[in-house]
file input01.txt (compact mmCIF, C-alpha atoms and all ligand atoms)
# COMPACT_ATOMS: atom_id res chain seq x y z
CA MET A 1 32.80 69.92 175.49
CA VAL A 2 34.10 67.88 172.51
CA THR A 3 32.74 69.06 169.17
CA HIS A 4 31.83 66.82 166.25
CA ALA A 5 34.84 68.09 164.29
CA GLN A 6 37.10 67.22 167.18
CA ARG A 7 35.60 63.73 167.46
CA VAL A 8 36.21 63.21 163.73
CA ALA A 9 39.76 64.47 164.05
CA ARG A 10 40.41 62.23 167.06
CA LYS A 11 39.40 59.06 165.21
CA GLY A 12 42.45 56.95 164.60
CA VAL A 13 44.71 59.07 166.79
CA PRO A 14 46.59 56.95 169.34
CA ALA A 15 45.36 57.44 172.89
CA PHE A 16 48.68 58.75 174.18
CA LEU A 17 48.49 61.64 171.72
CA LEU A 18 45.15 62.72 173.08
CA ASN A 19 46.95 63.73 176.26
CA CYS A 20 49.63 65.57 174.36
CA PRO A 21 50.73 68.83 175.92
CA HIS A 22 50.19 70.93 172.80
CA GLY A 23 46.44 70.49 172.88
CA PHE A 24 43.93 69.62 170.26
CA ASP A 25 45.18 72.02 167.59
CA THR A 26 48.38 70.05 167.29
CA LEU A 27 46.41 66.84 166.89
CA ARG A 28 44.38 68.41 164.12
CA ALA A 29 47.53 69.59 162.40
CA LEU A 30 48.93 66.09 162.72
CA LYS A 31 45.89 64.57 161.07
CA SER A 32 45.66 67.09 158.28
CA ALA A 33 49.31 66.86 157.29
CA ASP A 34 49.90 63.17 156.76
CA ARG A 35 53.63 63.65 156.08
CA ARG A 36 53.99 64.68 159.68
CA SER A 37 54.70 61.97 162.17
CA PHE A 38 54.48 61.71 165.89
CA GLY A 39 58.15 62.66 165.91
CA ASP A 40 57.22 66.19 164.89
CA LEU A 41 55.51 66.74 168.19
CA ALA A 42 58.66 65.80 170.00
CA THR A 43 60.91 68.47 168.52
CA MET A 44 61.35 71.94 169.85
CA VAL A 45 63.81 74.69 170.38
CA ILE A 46 64.50 75.95 173.89
CA VAL A 47 65.49 79.59 173.79
CA MET A 48 67.67 80.77 176.66
CA LYS A 49 67.23 84.17 178.29
CA LYS A 50 69.79 86.88 177.64
CA GLY A 51 72.26 86.67 180.49
CA SER A 52 71.55 83.03 181.31
CA SER A 53 74.61 81.16 182.54
CA ARG A 54 76.57 78.21 181.18
CA GLU A 55 75.25 76.21 184.11
CA ASP A 56 71.68 77.03 183.05
CA LEU A 57 72.50 75.79 179.54
CA ALA A 58 74.11 72.62 180.84
CA ARG A 59 71.12 71.94 183.10
CA VAL A 60 68.73 72.22 180.15
CA ALA A 61 70.91 69.97 177.94
CA HIS A 62 71.02 67.43 180.74
CA ALA A 63 67.23 67.53 181.18
CA VAL A 64 66.76 66.98 177.43
CA GLU A 65 69.11 64.01 177.38
CA ALA A 66 67.66 62.52 180.55
CA LEU A 67 64.36 62.25 178.66
CA GLY A 68 66.11 60.25 175.91
CA PHE A 69 66.34 63.10 173.37
CA ARG A 70 69.40 64.66 171.82
CA ALA A 71 70.37 68.25 172.70
CA HIS A 72 72.06 70.47 170.09
CA VAL A 73 73.45 73.76 171.37
CA LEU A 74 72.76 76.55 168.84
CA ALA A 75 74.85 79.60 169.60
CA GLY A 76 73.30 82.58 167.81
CA VAL A 77 74.19 86.25 167.60
CA GLN A 78 71.07 87.31 169.47
CA ARG A 79 70.47 84.30 171.68
CA THR A 80 71.60 80.85 172.66
CA ALA A 81 69.20 78.00 172.13
CA ILE A 82 69.06 74.25 172.43
CA GLY A 83 67.49 72.24 169.65
CA ILE A 84 65.92 68.93 170.57
CA THR A 85 65.81 65.96 168.19
CA GLY A 86 64.79 62.33 168.58
CA ASN A 87 61.33 61.04 169.24
CA PRO A 88 61.02 58.81 172.27
CA GLY A 89 57.75 60.52 173.22
CA PRO A 90 55.81 63.77 173.49
CA LEU A 91 57.44 66.80 175.05
CA ASP A 92 55.87 69.36 177.31
CA PRO A 93 57.34 72.89 176.85
CA ASP A 94 56.63 73.45 180.52
CA THR A 95 59.23 70.81 181.45
CA PHE A 96 61.88 73.22 180.19
CA GLU A 97 60.22 76.60 180.66
CA ARG A 98 60.34 76.20 184.40
CA LEU A 99 64.12 75.65 184.42
CA PRO A 100 66.31 78.66 185.35
CA GLY A 101 67.56 80.70 182.39
CA VAL A 102 64.96 79.44 179.91
CA ALA A 103 62.97 82.10 178.01
CA HIS A 104 60.64 79.72 176.15
CA ALA A 105 60.33 76.34 174.47
CA ILE A 106 58.84 76.42 170.98
CA PRO A 107 57.67 73.36 169.02
CA ILE A 108 59.18 73.14 165.49
CA THR A 109 56.55 72.57 162.85
CA GLN A 110 58.72 71.92 159.77
CA PRO A 111 59.58 68.29 158.96
CA PHE A 112 63.25 69.25 158.95
CA LYS A 113 64.29 70.57 162.34
CA LEU A 114 67.93 71.54 162.81
CA ALA A 115 67.98 72.86 159.23
CA SER A 116 64.98 75.11 159.83
CA ARG A 117 64.90 78.82 160.52
CA GLU A 118 62.38 78.13 163.24
CA MET A 119 65.15 76.33 165.09
CA LYS A 120 67.90 78.83 164.25
CA PRO A 121 66.90 82.29 162.98
CA ASP A 122 70.49 83.49 162.37
CA ASP A 123 72.24 82.57 159.12
CA THR A 124 74.84 79.84 159.51
CA VAL A 125 78.29 81.16 158.68
CA ILE A 126 80.96 78.60 157.79
CA ARG A 127 84.62 79.61 157.90
CA ILE A 128 86.86 78.25 155.15
CA GLY A 129 90.39 79.55 155.53
CA SER A 130 90.14 83.31 155.87
CA ARG A 131 86.73 83.48 154.17
CA GLY A 132 83.22 83.06 155.47
CA ILE A 133 80.40 81.29 153.67
CA GLY A 134 76.94 82.63 154.42
CA ASP A 135 78.18 85.96 155.80
CA GLY A 136 76.45 88.02 153.12
CA GLY A 137 79.34 87.89 150.62
CA LEU A 138 79.72 85.70 147.54
CA PHE A 139 82.01 82.66 147.85
CA VAL A 140 83.40 81.59 144.47
CA ILE A 141 84.55 78.03 143.78
CA GLY A 142 86.18 77.32 140.41
CA GLY A 143 88.06 74.42 138.88
CA PRO A 144 87.81 71.43 136.62
CA CYS A 145 85.11 68.78 136.74
CA ALA A 146 87.77 66.13 137.41
CA VAL A 147 91.43 66.14 138.33
CA GLU A 148 93.19 64.68 135.29
CA SER A 149 96.89 65.45 135.61
CA ALA A 150 99.36 67.58 137.58
CA ASP A 151 99.64 70.10 134.74
CA GLN A 152 95.88 70.38 134.26
CA ILE A 153 95.02 70.96 137.93
CA LEU A 154 97.98 73.24 138.69
CA GLU A 155 97.40 75.42 135.64
CA THR A 156 93.71 75.73 136.49
CA ALA A 157 94.40 76.35 140.18
CA HIS A 158 96.82 79.21 139.41
CA ALA A 159 94.28 80.75 137.02
CA MET A 160 91.54 80.48 139.67
CA LYS A 161 93.79 82.12 142.23
CA ARG A 162 94.71 84.99 139.89
CA ALA A 163 91.03 85.50 139.04
CA GLY A 164 90.13 85.82 142.73
CA ALA A 165 88.42 82.49 143.45
CA ASP A 166 87.91 81.55 147.10
CA ALA A 167 88.36 77.80 146.58
CA LEU A 168 89.39 75.22 143.99
CA ARG A 169 87.08 72.40 142.90
CA GLY A 170 88.06 69.13 141.23
CA GLY A 171 86.78 65.57 141.51
CA ALA A 172 89.16 62.72 142.28
CA PHE A 173 86.25 60.28 142.62
CA LYS A 174 83.64 60.88 139.92
CA PRO A 175 80.04 59.66 139.89
CA ARG A 176 79.49 59.10 136.15
CA SER A 177 76.24 58.25 134.39
CA SER A 178 78.09 55.61 132.34
CA PRO A 179 80.30 52.94 133.91
CA TYR A 180 82.58 53.25 130.84
CA SER A 181 83.29 56.95 131.43
CA PHE A 182 86.36 58.23 133.30
CA GLN A 183 85.77 57.51 136.99
CA GLY A 184 88.46 59.83 138.38
CA LEU A 185 92.08 59.32 139.45
CA GLY A 186 91.15 58.33 143.01
CA LYS A 187 93.80 58.82 145.70
CA PRO A 188 96.49 60.17 143.32
CA GLY A 189 93.93 62.81 142.30
CA LEU A 190 93.54 63.86 145.94
CA ALA A 191 97.31 64.15 146.26
CA LEU A 192 97.35 66.44 143.19
CA LEU A 193 94.65 68.60 144.77
CA ALA A 194 96.77 68.88 147.92
CA LYS A 195 99.68 70.02 145.73
CA ALA A 196 97.48 72.63 144.07
CA ARG A 197 96.39 73.88 147.50
CA GLU A 198 100.01 74.11 148.58
CA ALA A 199 100.92 76.04 145.43
CA THR A 200 98.03 78.53 145.56
CA GLY A 201 96.69 78.55 149.11
CA LEU A 202 93.21 77.81 147.74
CA PRO A 203 91.06 75.48 149.87
CA ILE A 204 89.91 72.30 148.11
CA VAL A 205 86.33 71.21 147.37
CA THR A 206 86.14 67.59 146.23
CA GLU A 207 83.52 64.87 146.14
CA ALA A 208 83.08 61.71 148.18
CA VAL A 209 81.01 59.19 146.22
CA ASP A 210 80.62 56.48 148.85
CA GLU A 211 81.23 55.51 152.45
CA ALA A 212 84.34 53.54 151.49
CA SER A 213 86.21 56.62 150.23
CA LEU A 214 84.75 59.19 152.62
CA ASP A 215 87.47 59.19 155.27
CA LEU A 216 90.20 59.42 152.64
CA VAL A 217 88.44 62.31 150.87
CA ALA A 218 87.83 64.09 154.19
CA GLU A 219 91.53 63.84 154.99
CA TYR A 220 92.41 65.92 151.90
CA ALA A 221 89.34 68.09 151.38
CA ASP A 222 88.55 71.43 152.99
CA VAL A 223 84.94 70.93 151.90
CA VAL A 224 83.50 67.50 151.10
CA GLN A 225 81.05 67.56 148.21
CA ILE A 226 78.10 65.17 148.15
CA GLY A 227 76.82 64.92 144.60
CA ALA A 228 73.27 65.12 143.29
CA ARG A 229 73.14 61.34 142.80
CA ASN A 230 73.97 60.80 146.45
CA MET A 231 71.61 63.33 148.01
CA ASP A 232 69.37 60.51 149.18
CA ASN A 233 72.13 58.09 150.14
CA TYR A 234 71.14 58.32 153.78
CA GLU A 235 73.84 56.05 155.17
CA LEU A 236 76.49 58.20 153.45
CA LEU A 237 74.82 61.35 154.79
CA LYS A 238 74.92 59.97 158.33
CA ARG A 239 78.63 59.21 157.96
CA VAL A 240 79.23 62.72 156.58
CA GLY A 241 77.46 64.01 159.67
CA ARG A 242 80.24 62.52 161.77
CA ILE A 243 83.22 64.10 159.97
CA ALA A 244 84.74 67.40 161.00
CA LYS A 245 84.65 69.05 157.55
CA PRO A 246 82.02 71.29 155.95
CA VAL A 247 79.77 69.59 153.39
CA LEU A 248 78.58 70.93 150.03
CA LEU A 249 75.30 69.05 149.56
CA LYS A 250 73.94 69.11 146.04
CA ARG A 251 70.22 68.94 145.38
CA GLY A 252 69.17 65.71 143.67
CA MET A 253 67.94 66.25 140.12
CA ALA A 254 64.45 65.11 141.12
CA ALA A 255 64.41 66.37 144.68
CA THR A 256 62.14 68.99 146.18
CA LEU A 257 63.52 71.67 148.48
CA GLU A 258 61.97 69.85 151.41
CA GLU A 259 63.81 66.67 150.44
CA LEU A 260 67.07 68.60 150.14
CA LEU A 261 66.57 70.07 153.59
CA LEU A 262 65.75 66.64 155.01
CA ALA A 263 68.98 65.35 153.47
CA ALA A 264 70.82 68.23 155.18
CA GLU A 265 69.03 67.24 158.38
CA TYR A 266 70.67 63.79 158.23
CA VAL A 267 74.08 65.49 158.36
CA LEU A 268 73.12 68.03 161.03
CA ALA A 269 71.46 65.42 163.24
CA GLN A 270 74.76 63.54 163.49
CA GLY A 271 76.49 66.63 164.85
CA ASN A 272 78.06 68.28 161.79
CA PRO A 273 76.52 71.79 161.64
CA HIS A 274 78.42 72.88 158.50
CA VAL A 275 76.18 72.12 155.55
CA ILE A 276 76.11 74.21 152.36
CA LEU A 277 73.11 73.57 150.09
CA CYS A 278 73.67 73.64 146.33
CA GLU A 279 71.20 73.98 143.47
CA ARG A 280 72.62 72.29 140.35
CA GLY A 281 69.60 71.95 138.06
CA ILE A 282 66.63 69.62 138.09
CA ARG A 283 64.97 67.40 135.48
CA THR A 284 62.00 68.97 133.75
CA PHE A 285 60.44 68.67 130.29
CA SER A 286 62.82 71.36 128.99
CA ARG A 287 65.44 70.08 126.57
CA HIS A 288 67.30 73.28 125.70
CA ASN A 289 69.76 72.83 128.58
CA ARG A 290 71.20 69.79 130.34
CA TYR A 291 68.93 70.44 133.35
CA THR A 292 66.66 73.29 134.43
CA LEU A 293 68.33 75.68 136.86
CA ASP A 294 65.76 76.31 139.58
CA LEU A 295 67.01 79.69 140.75
CA SER A 296 63.84 80.45 142.65
CA VAL A 297 64.99 77.85 145.15
CA VAL A 298 67.51 80.41 146.46
CA PRO A 299 65.03 82.76 148.16
CA ALA A 300 62.83 79.78 149.10
CA ALA A 301 65.72 78.01 150.84
CA ARG A 302 66.71 81.23 152.56
CA GLU A 303 63.23 81.61 153.97
CA LEU A 304 62.99 78.06 155.30
CA SER A 305 66.58 77.48 156.38
CA HIS A 306 69.55 79.22 157.95
CA LEU A 307 71.99 77.16 155.85
CA PRO A 308 73.94 78.88 153.04
CA ILE A 309 72.82 78.12 149.48
CA PHE A 310 75.10 77.88 146.43
CA VAL A 311 74.35 77.59 142.73
CA ASP A 312 76.16 75.44 140.16
CA PRO A 313 75.41 76.92 136.72
CA SER A 314 77.81 74.49 134.97
CA HIS A 315 75.98 71.21 135.56
CA ALA A 316 72.62 72.97 135.34
CA THR A 317 73.11 74.25 131.80
CA GLY A 318 75.73 71.83 130.47
CA ARG A 319 76.90 74.38 127.90
CA ARG A 320 79.72 76.84 128.38
CA ASP A 321 78.01 79.79 126.66
CA ARG A 322 75.13 79.55 129.12
CA VAL A 323 77.22 79.35 132.27
CA PRO A 324 78.16 83.06 132.69
CA PRO A 325 74.58 84.39 132.34
CA MET A 326 73.27 81.86 134.86
CA ALA A 327 76.17 82.51 137.24
CA ARG A 328 75.33 86.23 137.11
CA ALA A 329 71.66 85.42 137.68
CA ALA A 330 72.60 83.29 140.71
CA ALA A 331 74.56 86.18 142.23
CA ALA A 332 71.60 88.47 141.56
CA ALA A 333 69.22 85.98 143.19
CA GLY A 334 71.22 86.23 146.41
CA ALA A 335 73.16 82.95 146.31
CA ASP A 336 75.84 82.69 148.99
CA GLY A 337 78.23 81.20 146.46
CA VAL A 338 78.72 79.64 143.06
CA ILE A 339 80.65 76.58 141.90
CA ILE A 340 81.82 76.74 138.29
CA GLU A 341 83.79 74.37 136.05
CA PHE A 342 86.94 75.44 134.13
CA HIS A 343 89.35 73.46 131.97
CA PRO A 344 92.53 74.61 130.19
CA SER A 345 91.62 72.49 127.11
CA PRO A 346 87.91 71.73 127.28
CA ASP A 347 87.94 69.73 124.02
CA GLU A 348 90.31 67.24 125.61
CA ALA A 349 88.59 67.13 129.01
CA LEU A 350 87.87 63.64 130.33
CA SER A 351 84.51 64.82 131.68
CA ASP A 352 82.10 67.73 131.17
CA GLY A 353 84.31 69.59 128.63
CA ARG A 354 81.25 71.03 126.93
CA GLN A 355 80.31 73.06 129.98
CA ALA A 356 83.84 74.06 131.03
CA LEU A 357 84.85 77.69 130.71
CA LEU A 358 88.40 78.60 129.78
CA PRO A 359 90.53 79.66 132.78
CA GLN A 360 91.17 83.01 131.06
CA GLN A 361 87.42 83.72 131.25
CA ALA A 362 87.48 83.51 135.04
CA ALA A 363 88.79 86.95 136.00
CA GLU A 364 86.13 88.90 134.11
CA LEU A 365 83.31 86.63 135.22
CA PHE A 366 84.31 86.63 138.90
CA ALA A 367 84.64 90.42 138.86
CA GLN A 368 81.12 90.71 137.43
CA LEU A 369 79.75 88.30 140.02
CA ARG A 370 81.28 90.28 142.87
CA ILE A 371 79.82 93.54 141.57
CA ILE A 372 76.37 91.97 141.26
CA ALA A 373 76.58 90.30 144.68
CA ALA A 374 77.68 93.54 146.32
CA THR A 375 74.82 95.40 144.63
CA VAL A 376 72.21 93.00 145.94
CA ALA A 377 74.01 92.24 149.21
CA ARG A 378 71.90 91.89 152.29
CA LYS A 379 74.67 93.32 154.44
CA ALA A 380 76.83 96.39 153.84
CA GLU A 381 80.00 94.54 154.84
CA ALA A 382 79.45 92.10 151.97
CA MET A 383 81.44 94.33 149.57
CA ARG A 384 84.35 91.98 149.12
C1 LIG A 401 80.25 67.64 140.07
O1 LIG A 401 80.12 68.72 140.65
O2 LIG A 401 81.33 67.25 139.64
C2 LIG A 401 79.07 66.78 139.87
C3 LIG A 401 79.20 65.50 139.52
O3 LIG A 401 77.93 67.41 140.08
P1 LIG A 401 76.44 66.84 140.32
O4 LIG A 401 76.53 65.88 141.47
O5 LIG A 401 75.66 68.06 140.59
O6 LIG A 401 76.04 66.15 139.04
MN MN A 402 81.25 67.95 136.20

call {"tool": "encode", "arguments": {"input": "input01.txt", "output": "structure tokens", "more": "lines below"}}
Ligand code: PEP
Ligand code: MN
result
Amino acid sequence: MVTHAQRVARKGVPAFLLNCPHGFDTLRALKSADRRSFGDLATMVIVMKKGSSREDLARVAHAVEALGFRAHVLAGVQRTAIGITGNPGPLDPDTFERLPGVAHAIPITQPFKLASREMKPDDTVIRIGSRGIGDGGLFVIGGPCAVESADQILETAHAMKRAGADALRGGAFKPRSSPYSFQGLGKPGLALLAKAREATGLPIVTEAVDEASLDLVAEYADVVQIGARNMDNYELLKRVGRIAKPVLLKRGMAATLEELLLAAEYVLAQGNPHVILCERGIRTFSRHNRYTLDLSVVPAARELSHLPIFVDPSHATGRRDRVPPMARAAAAAGADGVIIEFHPSPDEALSDGRQALLPQQAAELFAQLRIIAATVARKAEAMR
């Protein structure tokens, strides 16, 4: 018997959805949340049974792809699963649940899919050199805003290494608010970063500003940074999804967490599973800092997503005296890492000198951050 409420809810719903396998509740949810599309119905995670075989997994992946969807194998600590993306049509969990080795097929309700905890309950851990990002420890990235000269980057890199940083940052391609500001050294800057890596052993984090320079940047970088201004450059995100390097994806200054996670989804959907989210301050009515550091996004991101989340207190505050307190707050909030700017002579820096700490401040700050992170660590082994 169809109730009045159901008749109202059905109005305007395409006929093919009325036969959808998830029943009327899903249709109601679809109508009440207008940001959801038909594509949401067609996304689920297929959880394999403990002890299922590789053949079982391959059979499921084949069944998914035979229906015109894309299968993403998600190897977890507790279980193996296959995430389904693409939206050629509705999916019936039963199609998969009857295959050997399948425990259950669960529809994903969040608008972002591969980035969601529903899809992958275990934290994503990304290995950079001998370190892990997202393993419960704090990953520290330090370095100048931009690479300016051999002396500047090498001096900073050695100081970062001595202070115990895990990676060196430095832009060779800079996205500047003014076209008259220093735009970065380009390829020679990447070569200087490679020299600094050779001299210190520190992995390199550097930004790609467009599709044209992406392959070149990816050749040199250990982690490719996508800046706040490019968070919604979807064509660039798709290209980044096809490189074999981890991506540090900064939150746009006017982006919600959902938009950040959808941006991450662009990368993940192309097959690159190694995305690090980064809060770097958002625009609000506050004028006492360059931006407003939205630290509460750290626990919120952790709840919704398995991806690691970093904090950049340098761009968020824009003033060197405010960077250490906000870096400490980020570690206390449970960030997986921080990215902080340093310059040997901030007054002469070609970009962001006002927010750069002196390299000699690094050792004390990093030591404090590690103590705080260990104190609040979610895992005992995070004491590093
Ligand atoms: C940077 O890290 O150098 C940078 C430009 O940051 P954002 O994209 O957050 O402004
Ligand atoms: Mn900067």

call {"tool": "residues_near_ligand", "arguments": {"input": "input01.txt", "ligand": "ligand MN 402 (chain A)", "cutoff": "8 Å", "atoms": "only C-alpha atoms and all ligand atoms", "output": "PyMOL selection string"}}
result
chain A and resi 144-146+314-315+341+351-352

call {"tool": "write_last_selection", "arguments": {"input": "input01.txt", "atoms": "C-alpha atoms", "output": "PDB file, keeping the file's coordinate frame"}}
result
ATOM      1  CA  PRO A 144      87.810  71.430 136.620  1.00  0.00           C
ATOM      2  CA  CYS A 145      85.110  68.780 136.740  1.00  0.00           C
ATOM      3  CA  ALA A 146      87.770  66.130 137.410  1.00  0.00           C
ATOM      4  CA  SER A 314      77.810  74.490 134.970  1.00  0.00           C
ATOM      5  CA  HIS A 315      75.980  71.210 135.560  1.00  0.00           C
ATOM      6  CA  GLU A 341      83.790  74.370 136.050  1.00  0.00           C
ATOM      7  CA  SER A 351      84.510  64.820 131.680  1.00  0.00           C
ATOM      8  CA  ASP A 352      82.100  67.730 131.170  1.00  0.00           C
TER       9      ASP A 352
END

call {"tool": "residues_near_point", "arguments": {"input": "input01.txt", "point": "(91.9, 85.6, 128.9)", "cutoff": "12 Å", "atoms": "all atoms listed in the file", "output": "PyMOL selection string"}}
result
chain A and resi 159-160+162-163+344+357-365

call {"tool": "residues_near_ligand", "arguments": {"input": "input01.txt", "ligand": "ligand LIG 401 (chain A)", "cutoff": "10 Å", "atoms": "only C-alpha atoms and all ligand atoms", "output": "JSON, numbers by chain"}}
result
{"A": [143, 144, 145, 146, 169, 170, 171, 172, 173, 174, 175, 176, 177, 205, 206, 207, 209, 225, 226, 227, 228, 229, 230, 231, 248, 249, 250, 251, 252, 253, 278, 279, 280, 281, 282, 311, 312, 313, 314, 315, 316, 339, 340, 341, 351, 352]}

call {"tool": "write_last_selection", "arguments": {"input": "input01.txt", "atoms": "C-alpha atoms", "output": "tab-separated table (two decimals), keeping the file's coordinate frame"}}
result
chain	number	residue	atom	x	y	z
A	143	GLY	CA	88.06	74.42	138.88
A	144	PRO	CA	87.81	71.43	136.62
A	145	CYS	CA	85.11	68.78	136.74
A	146	ALA	CA	87.77	66.13	137.41
A	169	ARG	CA	87.08	72.40	142.90
A	170	GLY	CA	88.06	69.13	141.23
A	171	GLY	CA	86.78	65.57	141.51
A	172	ALA	CA	89.16	62.72	142.28
A	173	PHE	CA	86.25	60.28	142.62
A	174	LYS	CA	83.64	60.88	139.92
A	175	PRO	CA	80.04	59.66	139.89
A	176	ARG	CA	79.49	59.10	136.15
A	177	SER	CA	76.24	58.25	134.39
A	205	VAL	CA	86.33	71.21	147.37
A	206	THR	CA	86.14	67.59	146.23
A	207	GLU	CA	83.52	64.87	146.14
A	209	VAL	CA	81.01	59.19	146.22
A	225	GLN	CA	81.05	67.56	148.21
A	226	ILE	CA	78.10	65.17	148.15
A	227	GLY	CA	76.82	64.92	144.60
A	228	ALA	CA	73.27	65.12	143.29
A	229	ARG	CA	73.14	61.34	142.80
A	230	ASN	CA	73.97	60.80	146.45
A	231	MET	CA	71.61	63.33	148.01
A	248	LEU	CA	78.58	70.93	150.03
A	249	LEU	CA	75.30	69.05	149.56
A	250	LYS	CA	73.94	69.11	146.04
A	251	ARG	CA	70.22	68.94	145.38
A	252	GLY	CA	69.17	65.71	143.67
A	253	MET	CA	67.94	66.25	140.12
A	278	CYS	CA	73.67	73.64	146.33
A	279	GLU	CA	71.20	73.98	143.47
A	280	ARG	CA	72.62	72.29	140.35
A	281	GLY	CA	69.60	71.95	138.06
A	282	ILE	CA	66.63	69.62	138.09
A	311	VAL	CA	74.35	77.59	142.73
A	312	ASP	CA	76.16	75.44	140.16
A	313	PRO	CA	75.41	76.92	136.72
A	314	SER	CA	77.81	74.49	134.97
A	315	HIS	CA	75.98	71.21	135.56
A	316	ALA	CA	72.62	72.97	135.34
A	339	ILE	CA	80.65	76.58	141.90
A	340	ILE	CA	81.82	76.74	138.29
A	341	GLU	CA	83.79	74.37	136.05
A	351	SER	CA	84.51	64.82	131.68
A	352	ASP	CA	82.10	67.73	131.17

call {"tool": "atom_distance", "arguments": {"input": "input01.txt", "atom1": "atom CA of Asp94 of chain A", "atom2": "atom CA of Ala115 of chain A"}}
result
24.1 Å

call {"tool": "closest_residue", "arguments": {"input": "input01.txt", "among": "A:Val140, A:Gly271, A:Gly186, A:Gln110", "to": "Arg328 of chain A", "atoms": "only C-alpha atoms"}}
result
A:Val140

call {"tool": "closest_residue", "arguments": {"input": "input01.txt", "among": "A:Thr284, A:Ser345, A:Ser116, A:Thr200", "to": "Leu257 of chain A", "atoms": "all atoms listed in the file"}}
result
A:Ser116

call {"tool": "residues_around", "arguments": {"input": "input01.txt", "residues": "Arg239 of chain A", "least_positions_apart": "4", "cutoff": "12 Å", "atoms": "only C-alpha atoms", "output": "number ranges by chain"}}
result
A: 208-215, 218, 224, 226, 233-235, 243-245, 247, 266-272

call {"tool": "residues_around", "arguments": {"input": "input01.txt", "residues": "Ala103 of chain A", "least_positions_apart": "3", "cutoff": "8 Å", "atoms": "all atoms listed in the file", "output": "VMD selection string"}}
result
chain A and resid 46 to 49 97

call {"tool": "residues_around", "arguments": {"input": "input01.txt", "residues": "Phe182 of chain A", "least_positions_apart": "2", "cutoff": "7 Å", "atoms": "only C-alpha atoms", "output": "PyMOL selection string"}}
result
chain A and resi 180+184+350

call {"tool": "closest_residue", "arguments": {"input": "input01.txt", "among": "A:Val323, A:Ser181, A:Thr317, A:Arg117", "to": "Ala301 of chain A", "atoms": "only C-alpha atoms"}}
result
A:Arg117

call {"tool": "atom_distance", "arguments": {"input": "input01.txt", "atom1": "atom CA of Glu118 of chain A", "atom2": "atom CA of Val338 of chain A"}}
result
26.0 Å

call {"tool": "closest_residue", "arguments": {"input": "input01.txt", "among": "A:Gly76, A:Pro273, A:Pro246, A:Pro346", "to": "Asp222 of chain A", "atoms": "all atoms listed in the file"}}
result
A:Pro246

call {"tool": "closest_residue", "arguments": {"input": "input01.txt", "among": "A:Thr43, A:Gln183, A:Ser286, A:Ser53", "to": "Phe112 of chain A", "atoms": "all atoms listed in the file"}}
result
A:Thr43

call {"tool": "atom_distance", "arguments": {"input": "input01.txt", "atom1": "atom CA of Glu219 of chain A", "atom2": "atom CA of Arg70 of chain A"}}
result
27.8 Å

call {"tool": "closest_residue", "arguments": {"input": "input01.txt", "among": "A:Arg322, A:Arg197, A:Arg59, A:Arg287", "to": "Leu168 of chain A", "atoms": "only C-alpha atoms"}}
result
A:Arg197

call {"tool": "residues_around", "arguments": {"input": "input01.txt", "residues": "His104 of chain A", "least_positions_apart": "2", "cutoff": "12 Å", "atoms": "all atoms listed in the file", "output": "number ranges by chain"}}
result
A: 44-50, 60, 79-82, 92-102, 106-107

call {"tool": "build_atoms", "arguments": {"input": "input01.txt", "residues": "segment 283-293 of chain A", "atoms": "N, CA and C atoms", "output": "CSV table (one decimal), in the coordinates of the input"}}
result
chain,number,residue,atom,x,y,z
A,283,ARG,N,65.6,68.0,136.7
A,283,ARG,CA,65.0,67.4,135.5
A,283,ARG,C,63.6,68.0,135.3
A,284,THR,N,63.4,68.5,134.1
A,284,THR,CA,62.0,69.0,133.8
A,284,THR,C,61.8,68.6,132.3
A,285,PHE,N,60.7,69.0,131.7
A,285,PHE,CA,60.4,68.7,130.3
A,285,PHE,C,61.3,69.5,129.3
A,286,SER,N,62.0,70.5,129.8
A,286,SER,CA,62.8,71.4,129.0
A,286,SER,C,64.0,70.6,128.4
A,287,ARG,N,64.3,70.8,127.2
A,287,ARG,CA,65.4,70.1,126.6
A,287,ARG,C,66.5,71.0,126.1
A,288,HIS,N,66.3,72.3,126.3
A,288,HIS,CA,67.3,73.3,125.7
A,288,HIS,C,68.6,73.4,126.5
A,289,ASN,N,68.6,72.9,127.8
A,289,ASN,CA,69.8,72.8,128.6
A,289,ASN,C,69.9,71.4,129.2
A,290,ARG,N,71.0,71.1,129.8
A,290,ARG,CA,71.2,69.8,130.3
A,290,ARG,C,70.2,69.5,131.4
A,291,TYR,N,70.0,70.5,132.3
A,291,TYR,CA,68.9,70.4,133.4
A,291,TYR,C,68.3,71.8,133.4
A,292,THR,N,67.3,72.0,134.3
A,292,THR,CA,66.7,73.3,134.4
A,292,THR,C,67.2,73.9,135.7
A,293,LEU,N,67.8,75.0,135.6
A,293,LEU,CA,68.3,75.7,136.9
A,293,LEU,C,67.2,76.3,137.6
